[in-house]
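So this block is upload32.cif, mmCIF, C-alpha atoms:
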data_upload
#
loop_
_atom_site.label_atom_id
_atom_site.label_comp_id
_atom_site.auth_asym_id
_atom_site.auth_seq_id
_atom_site.Cartn_x
_atom_site.Cartn_y
_atom_site.Cartn_z
CA MET A 152 74.58 -35.09 60.21
CA LEU A 153 72.96 -34.20 56.93
CA THR A 154 73.84 -36.53 54.07
CA GLU A 155 71.73 -34.80 51.40
CA VAL A 156 69.32 -31.88 51.08
CA HIS A 157 67.03 -32.17 48.07
CA VAL A 158 65.27 -29.05 46.81
CA PRO A 159 62.65 -30.37 44.37
CA GLU A 160 60.72 -27.99 42.14
CA ASP A 161 57.30 -29.64 42.51
CA VAL A 162 55.19 -31.76 44.84
CA PRO A 163 55.37 -35.10 42.96
CA ALA A 164 59.17 -34.96 43.06
CA ALA A 165 59.01 -34.21 46.79
CA VAL A 166 56.62 -37.12 47.37
CA GLY A 167 58.97 -39.46 45.48
CA LEU A 168 61.86 -38.46 47.72
CA ILE A 169 59.77 -38.85 50.87
CA VAL A 170 58.66 -42.32 49.77
CA SER A 171 62.31 -43.26 49.32
CA GLY A 172 63.05 -42.22 52.89
CA ALA A 173 63.87 -38.52 52.98
CA THR A 174 62.59 -36.38 55.85
CA VAL A 175 60.42 -33.35 55.03
CA LEU A 176 61.94 -29.94 55.78
CA GLY A 177 59.50 -27.03 56.03
CA GLY A 178 60.94 -23.89 57.57
CA GLY A 179 63.47 -25.91 59.55
CA THR A 180 62.80 -24.14 62.83
CA SER A 181 62.02 -27.37 64.65
CA LEU A 182 64.06 -29.89 62.65
CA MET A 183 67.29 -27.93 62.08
CA PRO A 184 68.02 -27.30 65.78
CA ALA A 185 68.15 -31.08 66.25
CA LEU A 186 70.28 -31.58 63.14
CA ASN A 187 72.71 -28.83 64.12
CA ASP A 188 73.67 -31.12 66.96
CA TYR A 189 76.64 -32.90 65.37
CA GLY A 190 75.60 -36.13 67.08
CA SER A 191 72.42 -36.43 65.01
CA PRO A 192 72.02 -39.60 62.90
CA PRO A 193 72.62 -39.48 59.10
CA THR A 194 69.64 -37.66 57.64
CA GLU A 195 68.44 -36.95 54.11
CA LEU A 196 66.12 -33.96 53.80
CA VAL A 197 63.67 -32.80 51.18
CA SER A 198 63.06 -29.07 51.37
CA LEU A 199 59.63 -27.89 50.27
CA ARG A 200 60.84 -24.31 49.70
CA ARG A 201 60.62 -24.47 45.89
CA THR A 202 57.55 -26.70 45.53
CA GLY A 203 55.19 -23.79 44.94
CA LEU A 204 53.08 -24.43 48.05
CA SER A 205 53.32 -20.90 49.45
CA GLY A 206 50.40 -18.51 49.38
CA ILE A 207 47.09 -17.49 50.92
CA THR A 208 43.77 -17.39 49.11
CA VAL A 209 40.50 -16.15 50.56
CA THR A 210 37.40 -16.89 48.50
CA GLY A 211 34.26 -15.69 50.23
CA SER A 212 34.73 -17.02 53.74
CA THR A 213 36.95 -19.95 52.69
CA VAL A 214 40.62 -19.54 53.59
CA THR A 215 43.28 -21.75 52.03
CA ILE A 216 46.85 -21.43 53.22
CA GLY A 217 49.61 -23.24 51.32
CA ALA A 218 51.77 -25.50 53.44
CA THR A 219 54.99 -23.53 53.00
CA THR A 220 53.37 -20.17 53.75
CA THR A 221 55.35 -18.67 56.61
CA LEU A 222 53.87 -17.55 59.90
CA SER A 223 55.01 -14.02 58.97
CA GLN A 224 52.95 -14.10 55.77
CA ILE A 225 49.88 -14.85 57.89
CA GLU A 226 50.86 -12.11 60.37
CA HIS A 227 50.97 -9.47 57.63
CA ASP A 228 47.84 -10.58 55.73
CA SER A 229 44.99 -8.20 56.60
CA ARG A 230 42.41 -10.81 55.59
CA LEU A 231 43.63 -13.12 58.37
CA GLN A 232 43.25 -10.77 61.32
CA ILE A 233 41.88 -13.57 63.48
CA LEU A 234 45.16 -15.47 63.19
CA ASN A 235 47.35 -12.41 63.83
CA PRO A 236 47.44 -12.81 67.64
CA VAL A 237 48.03 -16.53 67.17
CA VAL A 238 51.12 -16.26 65.00
CA ARG A 239 52.50 -13.31 66.97
CA SER A 240 52.34 -15.48 70.10
CA ILE A 241 54.75 -17.92 68.41
CA ALA A 242 58.54 -17.57 68.65
CA SER A 243 60.15 -14.41 67.24
CA VAL A 244 60.24 -12.45 63.98
CA PRO A 245 63.36 -14.15 62.50
CA VAL A 246 61.88 -17.57 63.33
CA ARG A 247 58.39 -16.68 62.02
CA ASN A 248 59.98 -15.65 58.72
CA LEU A 249 61.09 -19.27 58.28
CA ALA A 250 58.48 -21.33 60.14
CA THR A 251 55.68 -22.69 57.95
CA VAL A 252 52.02 -23.50 58.44
CA GLY A 253 52.57 -27.10 57.35
CA GLY A 254 55.50 -27.49 59.70
CA ASN A 255 53.50 -26.16 62.62
CA LEU A 256 51.10 -29.12 62.27
CA PHE A 257 53.93 -31.50 63.12
CA VAL A 258 56.01 -29.76 65.79
CA PRO A 259 56.01 -31.43 69.20
CA GLN A 260 54.14 -29.92 72.13
CA PRO A 261 54.40 -27.45 73.84
CA TYR A 262 54.92 -25.83 70.41
CA GLY A 263 52.40 -25.79 67.57
CA ASP A 264 50.07 -23.03 68.78
CA LEU A 265 48.89 -22.30 65.23
CA ALA A 266 47.89 -25.94 64.87
CA VAL A 267 45.91 -25.62 68.11
CA ALA A 268 44.06 -22.64 66.60
CA LEU A 269 43.46 -24.54 63.35
CA VAL A 270 41.91 -27.44 65.29
CA ALA A 271 39.54 -24.98 66.97
CA LEU A 272 38.70 -23.50 63.56
CA ASN A 273 37.85 -26.99 62.27
CA ALA A 274 40.52 -26.61 59.58
CA ARG A 275 41.28 -29.45 57.20
CA ALA A 276 44.65 -30.51 55.92
CA VAL A 277 44.89 -31.13 52.18
CA PRO A 278 47.26 -34.06 51.63
CA ALA A 279 49.38 -34.53 48.53
CA GLY A 280 48.13 -37.21 46.18
CA GLY A 281 44.48 -36.39 45.84
CA SER A 282 42.91 -38.03 48.89
CA GLY A 283 40.36 -35.81 50.58
CA PRO A 284 40.99 -33.12 53.19
CA ALA A 285 41.69 -34.60 56.62
CA GLU A 286 40.59 -33.41 60.04
CA LEU A 287 43.23 -32.00 62.40
CA PRO A 288 45.16 -33.08 64.30
CA LEU A 289 46.32 -35.60 61.70
CA GLU A 290 46.21 -39.22 62.78
CA ARG A 291 48.95 -40.28 60.38
CA PRO A 292 51.90 -38.34 58.96
CA ALA A 293 51.27 -37.11 55.43
CA LEU A 294 52.71 -34.50 53.10
CA VAL A 295 50.29 -31.64 53.61
CA THR A 296 50.00 -29.20 50.70
CA ALA A 297 47.59 -26.74 52.34
CA VAL A 298 45.20 -26.15 55.19
CA THR A 299 41.73 -24.80 54.63
CA PHE A 300 39.02 -23.46 56.92
CA GLU A 301 35.95 -21.24 57.00
CA LEU A 302 36.38 -17.81 58.57
CA PRO A 303 34.09 -17.69 61.62
CA ALA A 304 31.72 -14.80 62.33
CA PRO A 305 33.30 -11.93 64.29
CA GLY A 306 33.79 -12.75 67.97
CA VAL A 307 33.36 -16.51 67.56
CA PHE A 308 37.07 -17.39 67.63
CA LYS A 309 38.84 -17.11 70.98
CA TYR A 310 42.55 -17.52 71.70
CA VAL A 311 44.76 -17.20 74.74
CA LYS A 312 48.32 -18.41 75.11
CA ALA A 313 49.87 -18.28 78.56
CA ALA A 314 53.67 -18.17 78.52
CA ARG A 315 56.50 -17.17 80.82
CA ARG A 316 57.15 -14.02 78.83
CA ARG A 317 54.97 -11.87 76.62
CA TRP A 318 56.98 -12.56 73.47
CA ASN A 319 58.93 -15.56 72.23
CA SER A 320 58.18 -18.23 74.79
CA ALA A 321 56.62 -21.66 74.60
CA SER A 322 53.11 -22.43 75.75
CA LEU A 323 52.24 -23.16 79.37
CA VAL A 324 48.58 -23.40 78.41
CA THR A 325 47.11 -22.50 75.02
CA VAL A 326 43.36 -22.28 74.61
CA ALA A 327 41.78 -21.86 71.18
CA ALA A 328 38.05 -22.11 70.70
CA THR A 329 35.14 -21.30 68.46
CA ILE A 330 32.01 -20.58 70.46
CA VAL A 331 28.66 -19.95 68.77
CA GLU A 332 25.80 -18.59 70.88
CA LEU A 333 22.10 -18.63 70.04
CA ASP A 334 19.42 -17.01 72.21
CA GLY A 335 21.91 -16.61 75.07
CA LEU A 336 22.99 -20.26 75.06
CA VAL A 337 26.07 -21.94 73.64
CA SER A 338 24.92 -23.72 70.49
CA GLY A 339 28.31 -24.72 69.14
CA ALA A 340 31.73 -25.20 70.73
CA ARG A 341 35.10 -26.46 69.52
CA VAL A 342 37.81 -26.19 72.14
CA ALA A 343 41.46 -27.11 71.48
CA LEU A 344 44.26 -27.03 74.02
CA GLY A 345 48.02 -26.81 73.71
CA GLY A 346 50.73 -27.09 76.33
CA VAL A 347 48.77 -29.54 78.45
CA SER A 348 49.65 -32.89 76.88
CA ASP A 349 52.12 -34.50 74.50
CA HIS A 350 49.59 -33.85 71.74
CA ILE A 351 47.01 -31.18 70.90
CA VAL A 352 43.90 -31.90 72.94
CA ARG A 353 40.43 -31.54 71.47
CA ALA A 354 38.65 -30.94 74.76
CA ALA A 355 35.39 -32.83 74.22
CA ALA A 356 34.43 -32.73 77.92
CA VAL A 357 34.83 -28.95 77.96
CA GLU A 358 32.71 -28.60 74.84
CA GLU A 359 30.05 -30.88 76.32
CA ALA A 360 29.92 -28.80 79.51
CA LEU A 361 29.44 -25.59 77.52
CA LEU A 362 26.76 -26.71 75.07
CA GLY A 363 23.23 -25.57 75.80
CA ARG A 364 24.29 -23.32 78.66
CA PRO A 365 24.76 -19.56 78.96
CA LEU A 366 28.40 -18.50 78.62
CA THR A 367 28.88 -17.36 82.23
CA GLU A 368 31.64 -17.63 84.82
CA GLU A 369 29.78 -20.57 86.42
CA THR A 370 29.46 -22.45 83.12
CA VAL A 371 33.11 -21.91 82.22
CA ALA A 372 34.30 -22.91 85.71
CA ALA A 373 32.28 -26.12 85.45
CA ALA A 374 33.66 -26.73 81.94
CA ALA A 375 37.21 -26.29 83.26
CA ARG A 376 36.55 -28.84 86.02
CA ALA A 377 35.15 -31.22 83.42
CA GLY A 378 38.24 -30.67 81.27
CA LEU A 379 40.80 -31.47 83.97
CA GLY A 380 40.53 -35.17 83.12
CA GLU A 381 41.70 -34.43 79.58
CA LEU A 382 44.98 -32.84 80.66
CA SER A 383 48.19 -34.82 80.93
CA PRO A 384 50.80 -32.07 81.01
CA ALA A 385 54.55 -32.52 81.26
CA ASP A 386 57.13 -31.01 83.55
CA ASP A 387 59.53 -29.05 81.40
CA ALA A 388 61.81 -26.02 81.57
CA TYR A 389 58.83 -23.70 81.12
CA ALA A 390 56.53 -24.98 83.87
CA SER A 391 55.65 -27.99 85.97
CA ALA A 392 52.73 -30.25 85.19
CA TRP A 393 51.22 -29.15 88.51
CA TYR A 394 51.37 -25.49 87.49
CA ARG A 395 49.87 -26.09 84.07
CA THR A 396 46.96 -27.99 85.58
CA ARG A 397 46.48 -25.34 88.25
CA VAL A 398 46.27 -22.40 85.84
CA PHE A 399 44.27 -24.13 83.09
CA PRO A 400 40.88 -22.97 84.49
CA VAL A 401 42.13 -19.38 84.63
CA HIS A 402 43.21 -19.36 81.00
CA LEU A 403 40.09 -21.16 79.81
CA ARG A 404 38.08 -18.39 81.50
CA ARG A 405 40.24 -15.64 80.00
CA ALA A 406 39.91 -17.18 76.54
CA LEU A 407 36.17 -17.73 76.64
CA LEU A 408 35.06 -14.70 78.65
CA GLY A 409 37.90 -12.26 77.96
CA ARG A 410 38.51 -11.69 81.70
CA MET B 281 78.21 -30.97 47.16
CA LYS B 282 76.34 -28.28 45.30
CA ILE B 283 77.30 -24.87 44.00
CA VAL B 284 75.18 -22.18 45.61
CA SER B 285 74.90 -18.66 44.18
CA LEU B 286 73.73 -15.76 46.31
CA ARG B 287 73.69 -11.99 46.10
CA VAL B 288 75.29 -10.93 49.36
CA ASN B 289 75.19 -7.23 50.23
CA GLY B 290 74.59 -6.51 46.54
CA ALA B 291 77.46 -8.57 45.14
CA GLY B 292 77.19 -11.93 43.39
CA GLN B 293 78.83 -14.78 45.30
CA ALA B 294 79.14 -18.51 44.68
CA PHE B 295 80.46 -21.30 46.87
CA ILE B 296 80.41 -25.06 47.20
CA ALA B 297 78.08 -26.25 49.94
CA ARG B 298 77.91 -29.58 51.70
CA PRO B 299 74.40 -30.72 52.73
CA GLY B 300 75.10 -29.62 56.28
CA THR B 301 76.37 -26.16 55.33
CA THR B 302 73.98 -23.65 56.85
CA LEU B 303 73.61 -20.15 55.47
CA LEU B 304 75.41 -18.92 58.58
CA LEU B 305 78.33 -21.28 58.09
CA ALA B 306 78.65 -20.29 54.43
CA LEU B 307 78.66 -16.58 55.26
CA ARG B 308 81.24 -16.97 58.01
CA GLU B 309 83.55 -19.72 56.79
CA GLN B 310 83.33 -19.40 53.02
CA LEU B 311 82.56 -15.75 52.36
CA GLY B 312 84.51 -14.39 55.35
CA LEU B 313 81.55 -12.41 56.68
CA THR B 314 81.93 -13.02 60.40
CA GLY B 315 79.48 -10.36 61.61
CA ALA B 316 76.65 -12.87 62.07
CA LYS B 317 77.53 -15.08 65.02
CA ARG B 318 76.96 -18.72 65.85
CA GLY B 319 75.46 -18.55 69.30
CA CYS B 320 73.04 -21.36 70.04
CA ALA B 321 72.62 -22.94 66.57
CA GLN B 322 69.03 -23.54 67.68
CA GLY B 323 67.32 -20.41 66.36
CA ALA B 324 66.83 -19.20 69.91
CA CYS B 325 69.45 -16.48 70.40
CA GLY B 326 69.20 -14.49 67.15
CA SER B 327 72.91 -13.68 66.98
CA CYS B 328 73.00 -15.16 63.45
CA THR B 329 70.17 -12.94 62.15
CA VAL B 330 70.61 -11.79 58.53
CA LEU B 331 68.09 -10.61 55.94
CA LEU B 332 66.97 -13.29 53.47
CA ASP B 333 65.18 -11.60 50.57
CA GLY B 334 64.63 -8.62 52.85
CA GLN B 335 63.29 -10.53 55.86
CA PRO B 336 65.25 -11.24 59.02
CA VAL B 337 65.90 -14.95 59.57
CA VAL B 338 68.02 -17.03 61.89
CA SER B 339 70.64 -18.13 59.36
CA CYS B 340 71.79 -21.06 61.53
CA LEU B 341 68.58 -22.93 60.64
CA VAL B 342 68.77 -22.45 56.85
CA PRO B 343 70.56 -25.11 54.77
CA ALA B 344 72.47 -23.04 52.22
CA VAL B 345 71.41 -25.21 49.26
CA THR B 346 67.73 -24.35 49.90
CA VAL B 347 68.25 -20.62 49.28
CA ASP B 348 70.23 -20.76 46.02
CA GLY B 349 69.63 -17.49 44.16
CA ALA B 350 68.52 -15.51 47.21
CA GLU B 351 69.39 -11.96 48.20
CA ILE B 352 71.21 -11.78 51.55
CA ALA B 353 71.99 -8.69 53.60
CA THR B 354 74.41 -8.83 56.53
CA ILE B 355 75.75 -6.26 58.98
CA GLU B 356 78.84 -5.84 56.76
CA GLY B 357 76.71 -4.30 54.03
CA LEU B 358 75.07 -1.56 56.08
CA ALA B 359 77.74 1.11 56.22
CA ASP B 360 78.45 3.34 53.23
CA GLY B 361 82.24 3.41 53.37
CA GLN B 362 83.06 4.97 56.73
CA VAL B 363 79.52 6.27 57.22
CA LEU B 364 77.51 3.98 59.45
CA SER B 365 73.81 3.31 58.93
CA ASP B 366 71.42 5.24 61.17
CA VAL B 367 70.85 2.14 63.29
CA GLN B 368 74.58 1.46 63.64
CA GLN B 369 75.30 5.09 64.53
CA ALA B 370 72.44 5.19 67.06
CA PHE B 371 73.78 2.00 68.72
CA LEU B 372 77.22 3.60 68.92
CA ASP B 373 75.97 6.93 70.23
CA GLY B 374 73.57 5.33 72.71
CA PHE B 375 76.07 2.85 74.20
CA ALA B 376 73.76 0.07 73.02
CA THR B 377 76.57 -2.45 72.60
CA GLN B 378 78.25 -4.12 75.52
CA CYS B 379 80.18 -7.28 74.64
CA GLY B 380 78.90 -6.90 71.04
CA PHE B 381 78.09 -10.54 70.37
CA CYS B 382 74.36 -9.94 69.87
CA THR B 383 74.83 -6.59 68.13
CA PRO B 384 74.94 -7.68 64.46
CA GLY B 385 71.74 -9.73 64.82
CA MET B 386 70.08 -7.06 66.92
CA ILE B 387 70.88 -4.41 64.30
CA MET B 388 69.63 -6.52 61.38
CA SER B 389 66.34 -7.12 63.23
CA ALA B 390 66.11 -3.37 63.88
CA GLU B 391 66.86 -2.49 60.24
CA ALA B 392 64.08 -4.85 59.10
CA LEU B 393 61.64 -3.35 61.59
CA LEU B 394 62.34 0.22 60.45
CA ASP B 395 62.04 -0.82 56.80
CA ARG B 396 58.43 -1.86 57.34
CA ASN B 397 57.53 0.48 60.22
CA PRO B 398 59.36 3.84 60.21
CA ASP B 399 57.75 5.03 63.45
CA PRO B 400 57.54 2.08 65.85
CA THR B 401 56.43 2.29 69.45
CA ARG B 402 58.71 1.04 72.24
CA ASP B 403 56.48 -2.02 72.49
CA GLU B 404 56.82 -2.74 68.77
CA VAL B 405 60.61 -2.54 69.12
CA ASN B 406 60.41 -5.01 72.01
CA GLU B 407 58.46 -7.43 69.84
CA ALA B 408 60.81 -6.98 66.87
CA ILE B 409 63.92 -7.79 68.89
CA SER B 410 62.32 -10.48 71.06
CA GLY B 411 64.22 -13.10 69.07
CA ASN B 412 67.59 -11.46 69.77
CA VAL B 413 69.05 -12.31 73.14
CA CYS B 414 71.49 -9.92 74.86
CA ARG B 415 73.11 -11.73 77.75
CA CYS B 416 74.75 -8.53 78.94
CA THR B 417 71.06 -7.65 79.44
CA GLY B 418 71.46 -4.18 77.95
CA TYR B 419 67.97 -4.09 76.48
CA GLU B 420 66.94 -0.59 77.53
CA PRO B 421 69.74 1.22 75.66
CA ILE B 422 69.19 -1.11 72.68
CA VAL B 423 65.48 -0.29 72.48
CA SER B 424 66.24 3.41 72.93
CA ALA B 425 68.84 3.24 70.16
CA VAL B 426 66.35 1.67 67.74
CA LEU B 427 63.83 4.43 68.51
CA ASP B 428 66.60 7.01 68.06
CA ALA B 429 67.54 5.45 64.71
CA ALA B 430 63.89 5.60 63.64
CA ALA B 431 63.80 9.32 64.46
CA ARG B 432 67.05 9.89 62.52
CA ARG B 433 65.65 8.04 59.52
CA ARG B 434 62.40 10.01 59.59
CA SER B 435 64.28 13.27 59.91
CA ARG B 436 66.47 12.33 56.96
CA ALA B 437 63.39 11.34 54.92
CA GLY B 438 61.79 14.70 55.85
CA GLU B 439 64.89 16.58 54.65
CA GLY B 440 64.80 14.57 51.43
CA ALA B 441 61.16 15.50 50.87
CA LYS B 442 61.94 19.23 51.30
CA LEU B 443 64.69 19.21 48.68
#
Once you've parsed the file, please lay out its structure as structure tokens.
Amino acid sequence: MLTEVHVPEDVPAAVGLIVSGATVLGGGTSLMPALNDYGSPPTELVSLRRTGLSGITVTGSTVTIGATTTLSQIEHDSRLQILNPVVRSIASVPVRNLATVGGNLFVPQPYGDLAVALVALNARAVPAGGSGPAELPLERPALVTAVTFELPAPGVFKYVKAARRRWNSASLVTVAATIVELDGLVSGARVALGGVSDHIVRAAAVEEALLGRPLTEETVAAAARAGLGELSPADDAYASAWYRTRVFPVHLRRALLGR
Amino acid sequence: MKIVSLRVNGAGQAFIARPGTTLLLALREQLGLTGAKRGCAQGACGSCTVLLDGQPVVSCLVPAVTVDGAEIATIEGLADGQVLSDVQQAFLDGFATQCGFCTPGMIMSAEALLDRNPDPTRDEVNEAISGNVCRCTGYEPIVSAVLDAAARRRSRAGEGAKL
């Protein structure tokens, strides 16, 4: 049960409450379902809703998204077209109007598809308190005030989420990648996977298998084989671990080659 | 305990909220607005959908104290006296309600869709109501009713423009 819900007006006040033991509440779409179970332990929350962390700025190619910006705000921002298919693959409209970018970094798999995309985009999390931007996924919990990344050139960012239904279903396999080609060969690759482990996977073996090669069916098939060792999927209500492993090469191909 | 003030369907309201009082619970138990339903309390069924500052949200996941000062619209505020909104009337005319449990949330999602997109495709309606579960499985008449309501709204707007 909830014992207190603080609604501080700024970040330092929120940090003070977190230090004294309160749990951070972003949009509540992951945390509140657990707390609505009357058997939940006594919990003190600190809502970030009024801390002024909402908003999107685009300066040149640098995008900064405040932590409490909702997934819907991203969906309807014409400057963030590349993230439109990502956020629309997540949950439903009345959930996306609550769910926040910062919250998405901390939801358990197989959720957190936006975070998967942000890993592929080499986004950084800006923590409260002045320490420098941190690479995603975060190694330690921190109060994130914003995420920031560079918009890639057109066509570089790839995203496919396989789910049981077209709308409003959790990931079976999510593939997000940035692929840079030079003279017909892959010169840069960041590949992030969701739905295939208890954490977001940065698929180093897949990236390694792509680099320096032409982006063909053969290359991608070999990269998928190389990546199998990085998967440790779970059986859940959406799919079995066996199924997720089995279809991973298909969705890697669809993401990277569009077919 | 905190006092929370909201504008609900255009009228100022205030109530005392415990930490665990969700927006849904406040609307139903304290303000007597029982249109929004408590289905799953997980944000998955959409039967509690209301508009928070104009946007549809699952009110079961919103602690009431976090939205002090907000503007809330519920199904109770749609009709003008005995005259139903276009979406409500289209649901009625198109037999788009079966047991009715999902209907208030479904209609609020539809109202929000038509507010931002007056001429949606069938596919856009599907996406807009994908968070609202109908376990009578009457989706086809629901989607048709939303499209019908969109046409009624556009026709009304056209008449307004002619005057």
Determine the residue membership of the PyMOL selection byres ((chain A and resi 325) around 12) for the file above and supply it as JSON, numbers by chain. {"A": [237, 240, 241, 260, 261, 262, 263, 264, 265, 266, 267, 268, 271, 309, 310, 311, 312, 313, 314, 320, 321, 322, 323, 324, 326, 327, 328, 342, 343, 344, 345, 346, 347, 348, 351, 352, 353, 354, 382, 384, 395, 396, 398, 399, 400, 401, 402, 403, 404, 405, 406]}
Chain A contacts on chain B, all atoms listed in the file, 10 Å, as a PDB file with C-alpha atoms, keeping the file's coordinate frame:
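Final output, saved to selection-v5.pdb:
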ATOM      1  CA  MET B 281      78.210 -30.970  47.160  1.00  0.00           C
ATOM      2  CA  LYS B 282      76.340 -28.280  45.300  1.00  0.00           C
ATOM      3  CA  ARG B 298      77.910 -29.580  51.700  1.00  0.00           C
ATOM      4  CA  PRO B 299      74.400 -30.720  52.730  1.00  0.00           C
ATOM      5  CA  GLY B 300      75.100 -29.620  56.280  1.00  0.00           C
ATOM      6  CA  THR B 301      76.370 -26.160  55.330  1.00  0.00           C
ATOM      7  CA  THR B 302      73.980 -23.650  56.850  1.00  0.00           C
ATOM      8  CA  CYS B 320      73.040 -21.360  70.040  1.00  0.00           C
ATOM      9  CA  ALA B 321      72.620 -22.940  66.570  1.00  0.00           C
ATOM     10  CA  GLN B 322      69.030 -23.540  67.680  1.00  0.00           C
ATOM     11  CA  GLY B 323      67.320 -20.410  66.360  1.00  0.00           C
ATOM     12  CA  ALA B 324      66.830 -19.200  69.910  1.00  0.00           C
ATOM     13  CA  GLY B 326      69.200 -14.490  67.150  1.00  0.00           C
ATOM     14  CA  CYS B 328      73.000 -15.160  63.450  1.00  0.00           C
ATOM     15  CA  THR B 329      70.170 -12.940  62.150  1.00  0.00           C
ATOM     16  CA  VAL B 330      70.610 -11.790  58.530  1.00  0.00           C
ATOM     17  CA  LEU B 331      68.090 -10.610  55.940  1.00  0.00           C
ATOM     18  CA  LEU B 332      66.970 -13.290  53.470  1.00  0.00           C
ATOM     19  CA  GLN B 335      63.290 -10.530  55.860  1.00  0.00           C
ATOM     20  CA  PRO B 336      65.250 -11.240  59.020  1.00  0.00           C
ATOM     21  CA  VAL B 337      65.900 -14.950  59.570  1.00  0.00           C
ATOM     22  CA  VAL B 338      68.020 -17.030  61.890  1.00  0.00           C
ATOM     23  CA  SER B 339      70.640 -18.130  59.360  1.00  0.00           C
ATOM     24  CA  CYS B 340      71.790 -21.060  61.530  1.00  0.00           C
ATOM     25  CA  LEU B 341      68.580 -22.930  60.640  1.00  0.00           C
ATOM     26  CA  VAL B 342      68.770 -22.450  56.850  1.00  0.00           C
ATOM     27  CA  PRO B 343      70.560 -25.110  54.770  1.00  0.00           C
ATOM     28  CA  ALA B 344      72.470 -23.040  52.220  1.00  0.00           C
ATOM     29  CA  VAL B 345      71.410 -25.210  49.260  1.00  0.00           C
ATOM     30  CA  THR B 346      67.730 -24.350  49.900  1.00  0.00           C
ATOM     31  CA  VAL B 347      68.250 -20.620  49.280  1.00  0.00           C
ATOM     32  CA  ASP B 348      70.230 -20.760  46.020  1.00  0.00           C
ATOM     33  CA  GLY B 385      71.740  -9.730  64.820  1.00  0.00           C
ATOM     34  CA  MET B 388      69.630  -6.520  61.380  1.00  0.00           C
ATOM     35  CA  SER B 389      66.340  -7.120  63.230  1.00  0.00           C
ATOM     36  CA  ALA B 392      64.080  -4.850  59.100  1.00  0.00           C
ATOM     37  CA  LEU B 393      61.640  -3.350  61.590  1.00  0.00           C
ATOM     38  CA  ASN B 406      60.410  -5.010  72.010  1.00  0.00           C
ATOM     39  CA  GLU B 407      58.460  -7.430  69.840  1.00  0.00           C
ATOM     40  CA  ALA B 408      60.810  -6.980  66.870  1.00  0.00           C
ATOM     41  CA  ILE B 409      63.920  -7.790  68.890  1.00  0.00           C
ATOM     42  CA  SER B 410      62.320 -10.480  71.060  1.00  0.00           C
ATOM     43  CA  GLY B 411      64.220 -13.100  69.070  1.00  0.00           C
ATOM     44  CA  ASN B 412      67.590 -11.460  69.770  1.00  0.00           C
TER      45      ASN B 412
END
Residues within 8 Å of stretch 419-435 of chain B, all atoms listed in the file, excluding chain neighbours under 4 positions, as a PyMOL selection string: chain B and resi 366-367+369-371+374-377+390+394+398-402+405-406+414+439
Who sits within 7 Å of A:Ile216, all atoms listed in the file, same chain under 6 positions skipped, as a list in words: Gly206, Ile207, Thr208, Ala297, Val298 and Thr299 of chain A
Test item: the PyMOL selection byres ((chain A and resi 285) around 6) resolved as an MDAnalysis selection string: chainID A and resid 275:276 284 286
Nearest to B:Ile355, chosen from B:Gln368, B:Gln310, B:Gln293, B:Ser285, with all atoms listed in the file counted in the distances: B:Gln368
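The space between atom CA of A:Thr215 and atom CA of B:Gly334 spans 25.1 Å.
The space between atom CA of A:Gly167 and atom CA of A:Thr202 spans 12.8 Å.
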Starting from the displayed file, determine the output of the PyMOL selection byres ((chain A and resi 339) around 9) and express the residue list as number ranges by chain. A: 329-333, 337-338, 340-341, 358, 361-363
Just the number, please: distance in Å from atom CA of A:Thr219 to atom CA of A:Leu204, one decimal. 5.4 Å
Report, as lines of an AutoDock Vina configuration file, the axis-aligned box around all atoms of stretch 309-317 of chain A present in the file, extended by 5 Å on each side; give centre and edge lengths in Å to one decimal place.
center_x = 48.0
center_y = -15.1
center_z = 75.9
size_x = 28.3
size_y = 16.5
size_z = 19.8
Choose the residue, out of A:Val209, A:Leu256, A:Val170, A:Leu408, that has the smallest atom-to-atom separation from A:Glu368; count only C-alpha atoms. A:Leu408
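Distances here use only C-alpha atoms; by that measure, the residue among A:Ser282, A:Val371, A:Leu302, A:Gly203 closest to A:Arg230 is A:Leu302.
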Near B:Gly315, within 9 Å and counting all atoms listed in the file, which residues show up once chain neighbours fewer than 4 positions away are dropped, as a ChimeraX atom specification? /B:307-308,328,354-356,381,383-385
Would you put the residues from that selection into a file with C-alpha atoms, as a tab-separated table (two decimals), in the frame of the given file?
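For reference, out.tsv as written:
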chain	number	residue	atom	x	y	z
B	307	LEU	CA	78.66	-16.58	55.26
B	308	ARG	CA	81.24	-16.97	58.01
B	328	CYS	CA	73.00	-15.16	63.45
B	354	THR	CA	74.41	-8.83	56.53
B	355	ILE	CA	75.75	-6.26	58.98
B	356	GLU	CA	78.84	-5.84	56.76
B	381	PHE	CA	78.09	-10.54	70.37
B	383	THR	CA	74.83	-6.59	68.13
B	384	PRO	CA	74.94	-7.68	64.46
B	385	GLY	CA	71.74	-9.73	64.82
